[in-house]
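For reference, final19.txt (compact mmCIF, C-alpha atoms):
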# COMPACT_ATOMS: atom_id res chain seq x y z
CA ASN A 1 124.43 62.19 45.14
CA LEU A 2 125.23 59.14 47.26
CA HIS A 3 122.06 57.40 46.10
CA ARG A 4 122.99 58.04 42.47
CA GLU A 5 126.30 56.31 43.11
CA GLY A 6 124.50 53.28 44.46
CA ILE A 7 125.25 53.96 48.12
CA GLU A 8 122.10 53.13 50.04
CA LYS A 9 123.36 52.13 53.47
CA SER A 10 125.50 53.76 56.13
CA ILE A 11 124.29 57.29 55.42
CA TYR A 12 123.85 59.43 58.52
CA ILE A 13 122.49 62.98 58.60
CA THR A 14 124.48 64.67 61.35
CA GLY A 15 124.44 68.40 60.64
CA ASN A 16 127.53 70.49 59.96
CA THR A 17 130.40 70.52 62.47
CA VAL A 18 130.87 74.23 61.68
CA ILE A 19 127.79 74.88 63.82
CA ASP A 20 129.29 72.84 66.66
CA ALA A 21 132.39 75.03 66.52
CA LEU A 22 130.42 78.14 67.46
CA SER A 23 129.89 76.74 70.95
CA THR A 24 133.65 76.92 71.47
CA THR A 25 134.26 80.34 69.88
CA VAL A 26 131.32 82.47 71.04
CA LYS A 27 131.79 83.72 74.61
CA LYS A 28 129.45 85.87 76.69
CA GLU A 29 132.25 88.01 78.15
CA TYR A 30 134.43 87.93 75.04
CA ALA A 31 136.95 90.77 74.60
CA PHE A 32 137.63 91.54 70.95
CA GLU A 33 141.14 91.57 69.53
CA CYS A 34 139.95 94.48 67.38
CA SER A 35 140.06 97.32 69.90
CA HIS A 36 137.41 99.35 68.05
CA LEU A 37 134.79 96.67 68.64
CA ASN A 38 135.36 96.89 72.40
CA THR A 39 134.17 100.52 72.29
CA ILE A 40 130.70 99.58 71.02
CA ASP A 41 127.82 99.11 73.44
CA PHE A 42 125.93 96.34 71.66
CA SER A 43 123.13 96.52 74.24
CA LYS A 44 122.27 100.04 73.12
CA GLU A 45 123.01 99.96 69.40
CA ARG A 46 121.62 97.75 66.66
CA VAL A 47 124.59 96.64 64.64
CA VAL A 48 124.47 95.39 61.05
CA LEU A 49 127.44 93.21 60.15
CA LEU A 50 128.36 93.81 56.51
CA THR A 51 130.69 91.66 54.42
CA ALA A 52 131.11 92.32 50.72
CA HIS A 53 134.07 91.15 48.69
CA ARG A 54 132.98 88.51 46.17
CA ARG A 55 134.80 88.99 42.89
CA GLU A 56 131.71 88.18 40.81
CA ASN A 57 130.15 91.36 42.26
CA TYR A 58 132.99 93.66 41.15
CA GLY A 59 131.67 96.47 39.00
CA GLU A 60 128.04 97.61 38.85
CA ALA A 61 126.86 95.08 41.46
CA PHE A 62 129.39 96.33 43.99
CA GLU A 63 128.46 99.93 43.27
CA ASN A 64 124.85 98.99 43.96
CA ILE A 65 125.71 97.28 47.24
CA MET A 66 127.57 100.37 48.41
CA ALA A 67 124.65 102.59 47.33
CA ALA A 68 122.21 100.42 49.27
CA VAL A 69 124.32 100.62 52.42
CA ARG A 70 124.53 104.41 52.09
CA GLN A 71 120.74 104.63 51.75
CA ILE A 72 120.07 102.39 54.76
CA ALA A 73 122.63 104.21 56.91
CA LYS A 74 121.08 107.59 56.08
CA GLU A 75 117.47 106.48 56.54
CA GLU A 76 118.24 104.68 59.82
CA PRO A 77 120.87 106.85 61.57
CA ASP A 78 120.53 104.84 64.80
CA ILE A 79 121.83 101.72 63.04
CA ARG A 80 125.56 101.13 63.08
CA PHE A 81 127.18 99.23 60.21
CA ILE A 82 130.37 97.30 60.95
CA TYR A 83 132.24 96.44 57.76
CA PRO A 84 135.44 94.35 58.05
CA VAL A 85 136.92 95.39 54.71
CA HIS A 86 138.61 92.73 52.61
CA LEU A 87 142.24 93.44 51.72
CA SER A 88 141.51 93.41 47.98
CA PRO A 89 142.64 96.83 46.65
CA TYR A 90 139.36 97.11 44.72
CA VAL A 91 137.23 96.44 47.80
CA GLN A 92 139.34 98.79 49.92
CA GLN A 93 138.99 101.61 47.40
CA MET A 94 135.25 101.10 46.96
CA ALA A 95 134.55 100.94 50.69
CA LYS A 96 136.54 104.07 51.47
CA SER A 97 135.20 106.13 48.58
CA HIS A 98 131.53 105.20 49.08
CA LEU A 99 131.27 104.69 52.84
CA GLY A 100 134.30 106.32 54.42
CA GLU A 101 132.54 109.58 55.29
CA ILE A 102 129.30 108.11 56.64
CA GLU A 103 129.16 108.56 60.39
CA ASN A 104 127.33 105.34 61.26
CA VAL A 105 129.42 103.07 59.03
CA ASP A 106 132.60 101.74 60.64
CA LEU A 107 135.23 100.42 58.24
CA ILE A 108 137.58 98.08 60.10
CA GLU A 109 140.35 95.64 59.31
CA PRO A 110 139.50 92.01 58.43
CA LEU A 111 138.74 89.92 61.51
CA GLY A 112 139.93 86.57 62.76
CA VAL A 113 137.41 83.81 63.33
CA MET A 114 137.00 84.48 67.05
CA ASP A 115 136.26 88.17 66.55
CA MET A 116 133.99 87.45 63.59
CA HIS A 117 131.91 84.84 65.40
CA ASN A 118 131.48 87.03 68.47
CA LEU A 119 130.64 90.08 66.38
CA MET A 120 128.08 88.00 64.51
CA GLU A 121 126.56 86.90 67.82
CA ARG A 122 126.17 90.51 68.99
CA ALA A 123 124.94 91.89 65.66
CA TYR A 124 121.28 92.44 64.87
CA LEU A 125 121.39 91.63 61.17
CA VAL A 126 123.94 90.26 58.69
CA MET A 127 124.26 91.52 55.10
CA THR A 128 126.74 89.56 53.03
CA ASP A 129 127.87 88.15 49.71
CA SER A 130 129.89 85.49 51.55
CA GLY A 131 129.17 81.79 51.90
CA GLY A 132 129.95 80.34 55.32
CA ILE A 133 128.18 83.14 57.16
CA GLN A 134 124.92 81.87 55.66
CA GLU A 135 125.39 78.72 57.74
CA GLU A 136 126.79 80.26 60.92
CA ALA A 137 124.65 83.35 61.53
CA PRO A 138 121.26 81.56 61.65
CA SER A 139 122.48 79.30 64.46
CA LEU A 140 122.98 82.51 66.45
CA GLY A 141 119.49 83.74 65.59
CA LYS A 142 120.69 86.36 63.11
CA PRO A 143 118.79 86.91 59.84
CA VAL A 144 120.99 86.98 56.75
CA LEU A 145 120.46 89.01 53.56
CA VAL A 146 122.53 87.63 50.69
CA MET A 147 123.57 90.27 48.18
CA ARG A 148 123.86 87.95 45.20
CA HIS A 149 121.51 86.47 42.62
CA GLU A 150 122.14 82.85 43.66
CA THR A 151 123.49 80.88 46.58
CA GLU A 152 125.17 77.52 47.00
CA ARG A 153 123.05 77.13 50.13
CA PRO A 154 119.45 76.87 48.90
CA GLU A 155 118.51 74.94 52.06
CA ALA A 156 118.90 78.15 54.05
CA VAL A 157 116.52 80.01 51.74
CA ALA A 158 114.00 77.16 52.00
CA ALA A 159 114.29 77.17 55.79
CA GLY A 160 113.74 80.92 55.97
CA THR A 161 117.03 81.78 57.70
CA VAL A 162 118.39 83.52 54.58
CA ARG A 163 116.78 85.85 52.05
CA MET A 164 118.19 86.64 48.64
CA ALA A 165 118.48 90.38 48.08
CA GLY A 166 120.11 90.41 44.66
CA THR A 167 122.43 93.23 43.65
CA CYS A 168 119.89 95.96 42.86
CA ALA A 169 120.45 98.84 45.28
CA GLN A 170 116.76 99.53 45.80
CA GLU A 171 115.90 95.86 46.40
CA ILE A 172 118.72 95.42 48.91
CA ALA A 173 117.69 98.56 50.78
CA GLU A 174 114.00 97.62 50.84
CA LYS A 175 114.64 94.13 52.20
CA ALA A 176 117.07 95.39 54.83
CA LEU A 177 114.80 98.22 55.95
CA LEU A 178 111.87 95.81 56.25
CA LEU A 179 113.83 93.66 58.70
CA LEU A 180 115.02 96.71 60.61
CA ARG A 181 111.55 98.22 60.89
CA ASP A 182 109.17 95.25 61.11
CA PRO A 183 109.63 93.10 64.25
CA GLU A 184 107.38 90.35 62.89
CA GLU A 185 109.39 89.97 59.69
CA TYR A 186 112.58 89.96 61.72
CA ALA A 187 111.25 87.29 64.09
CA LYS A 188 110.29 85.01 61.19
CA MET A 189 113.95 84.76 60.23
CA ALA A 190 115.55 84.98 63.66
CA GLN A 191 113.43 82.12 64.99
CA ALA A 192 113.66 79.85 61.93
CA VAL A 193 115.50 76.56 62.42
CA ASN A 194 119.00 76.48 60.99
CA PRO A 195 119.05 73.68 58.37
CA TYR A 196 122.79 73.14 58.82
CA GLY A 197 122.94 71.90 62.36
CA ASP A 198 121.98 72.14 65.99
CA GLY A 199 125.45 71.98 67.54
CA HIS A 200 125.49 68.19 68.03
CA ALA A 201 126.96 66.99 64.73
CA CYS A 202 130.22 65.78 66.29
CA ARG A 203 128.37 63.58 68.77
CA ARG A 204 126.25 62.06 65.99
CA ILE A 205 129.39 61.35 63.94
CA VAL A 206 131.03 59.58 66.86
CA ASP A 207 127.87 57.60 67.55
CA ALA A 208 127.57 56.61 63.89
CA ILE A 209 131.15 55.35 63.79
CA LEU A 210 130.65 53.36 66.98
CA TYR A 211 127.41 51.92 65.60
CA GLU A 212 129.02 50.91 62.29
CA PHE A 213 131.78 49.03 64.13
CA GLY A 214 129.39 47.31 66.51
CA ARG A 215 130.37 49.32 69.56
CA ARG A 216 126.95 50.90 69.98
CA ALA A 217 123.56 49.19 69.93
CA GLU A 218 121.52 51.91 68.23
CA ALA A 219 122.08 54.15 65.24
CA PRO A 220 122.22 57.87 66.06
CA GLU A 221 119.08 59.92 65.60
CA ALA A 222 119.32 61.90 62.35
CA PHE A 223 119.37 65.68 62.25
CA LEU A 224 116.25 66.64 60.26
CA PRO A 225 115.59 70.35 60.71
CA ILE A 226 112.88 70.65 58.05
CA GLU A 227 109.76 68.55 58.45
CA GLY A 228 109.52 65.90 55.77
CA GLN A 229 113.13 66.33 54.61

As a first step, turn the structure in this file into structure tokens.
Amino acid sequence: NLHREGIEKSIYITGNTVIDALSTTVKKEYAFECSHLNTIDFSKERVVLLTAHRRENYGEAFENIMAAVRQIAKEEPDIRFIYPVHLSPYVQQMAKSHLGEIENVDLIEPLGVMDMHNLMERAYLVMTDSGGIQEEAPSLGKPVLVMRHETERPEAVAAGTVRMAGTCAQEIAEKALLLLRDPEEYAKMAQAVNPYGDGHACRRIVDAILYEFGRRAEAPEAFLPIEGQ
């Protein structure tokens, strides 16, 4: 886009500062504000973090997402789903009616950023129709299944940190169960390089500004996560 506007110089690829922020929010000994999360032994249970609230999915697509979660939960009873339920009345009603009675699905209140980042870090897998999580989770080594038909973050799909699961119940369930049952498939995603940053974007930005104003001799090294990008 910058090239199309005739801007050829002073372009620096730094990565996203959102990834840098995780180093300040994720803590090894973190105590959750949500008391329920403090009762979970993440070392003994594989937790799937579920977020589903996108308005474009209201209707049949949302029904399918709920059906897929029910199927996965029943086929893999040792997996625990944690679903911070959006305050939308529609989402609340759907979550409670479809998932409220399933023993290994925990419906909880929406989380603040600190709780969400630390839950993401301790989860095994993320299933979502959200946006920002597609950038954050891979930096923590967590594969992401996107329950939509498109994403504004195609770089993540290309990098292998995100897989599109669509909104067909059977397709969502199959892709999730593959990652839960096949260690090699899981490792492919968990070990892929996050295309959005390596946690050093802020330093590159500072260095670029200093370089532009003649206060630094060398331009910062660009963040290029994908070979040939």

(message) What's around range 103-113 of chain A at 7 Å? Count all atoms listed in the file, leave out sequence neighbours fewer than 4 positions away in its own chain, and write the answer as a PyMOL selection string.
(response) chain A and resi 73+77+79-86+99+117

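Using all atoms listed in the file, the shortest contact distance between Glu135 in chain A and any of A:Met120, A:Leu87, A:Val206, A:Met147 is found at A:Met120.
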
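Interatomic distance, CA of Gln93 in chain A to CA of Met116 in chain A: 22.1 Å.
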
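The residue that comes closest to Arg54 in chain A, out of A:Lys28, A:Arg153, A:Arg181, A:Arg148 and on the basis of only C-alpha atoms, is A:Arg148.
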
(message) What's around Gly141 in chain A at 10 Å? Count only C-alpha atoms, leave out sequence neighbours fewer than 4 positions away in its own chain, and write the answer as a ChimeraX atom specification.
(response) /A:120-121,123-125,136-137,161,187,189-194

(request) Point out the residue among A:Ala219, A:Leu180, A:Val69, A:Val26 with the least atom-to-atom distance to Arg46 in chain A, counting only C-alpha atoms. (result) A:Leu180

(request) Please identify all polymer residues within 9 Å of Ile19 in chain A, counting all atoms listed in the file, omitting same-chain residues fewer than 2 positions from it, and present them as a ChimeraX atom specification. (result) /A:15-17,21-23,135-136,139,196-201

Please identify all polymer residues within 10 Å of Asn64 in chain A, counting all atoms listed in the file, omitting same-chain residues fewer than 4 positions from it, and present them as an mmCIF file with C-alpha atoms, in the frame of the given file.
data_model
loop_
_atom_site.group_PDB
_atom_site.id
_atom_site.type_symbol
_atom_site.label_atom_id
_atom_site.label_comp_id
_atom_site.auth_asym_id
_atom_site.auth_seq_id
_atom_site.Cartn_x
_atom_site.Cartn_y
_atom_site.Cartn_z
ATOM 1 C CA ASN A 57 130.150 91.360 42.260
ATOM 2 C CA GLY A 59 131.670 96.470 39.000
ATOM 3 C CA GLU A 60 128.040 97.610 38.850
ATOM 4 C CA ALA A 68 122.210 100.420 49.270
ATOM 5 C CA VAL A 69 124.320 100.620 52.420
ATOM 6 C CA ARG A 70 124.530 104.410 52.090
ATOM 7 C CA MET A 147 123.570 90.270 48.180
ATOM 8 C CA GLY A 166 120.110 90.410 44.660
ATOM 9 C CA THR A 167 122.430 93.230 43.650
ATOM 10 C CA CYS A 168 119.890 95.960 42.860
ATOM 11 C CA ALA A 169 120.450 98.840 45.280
ATOM 12 C CA GLN A 170 116.760 99.530 45.800
ATOM 13 C CA GLU A 171 115.900 95.860 46.400
ATOM 14 C CA ILE A 172 118.720 95.420 48.910
ATOM 15 C CA ALA A 173 117.690 98.560 50.780
#

Centre, edges in Å (one decimal): axis-aligned box, range 126-137 of chain A, 6 Å padding on all six sides, as JSON:
{"center_x": 126.9, "center_y": 85.1, "center_z": 55.6, "size_x": 18.0, "size_y": 24.8, "size_z": 23.8}

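The smallest atom-to-atom distance between Gln92 in chain A and any of A:Thr39, A:Leu2, A:Met66, A:Glu152, using only C-alpha atoms, is found for A:Met66.
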
(request) With a distance cut-off of 12 Å and all atoms listed in the file, select the neighbouring residues of Glu212 in chain A, excluding the residue or stretch itself and same-chain residues fewer than 5 positions from it, and output the selection as a count of residues only. (result) 11

(message) Here is a test: counting all atoms listed in the file, which residue of A:Ala61, A:Ala208, A:Met127, A:Pro225 is nearest to Val47 in chain A?
(response) A:Met127

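Counting from CA of Val126 in chain A, the distance to CA of Thr51 in chain A is 8.1 Å.
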
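Straight-line separation from CA of Glu29 in chain A to CA of Asn118 in chain A: 9.8 Å.
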
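Take the candidates A:Ala176, A:Ala52, A:Val162, A:Cys34 and check each one against Met94 in chain A using only C-alpha atoms; the shortest distance goes to A:Ala52.
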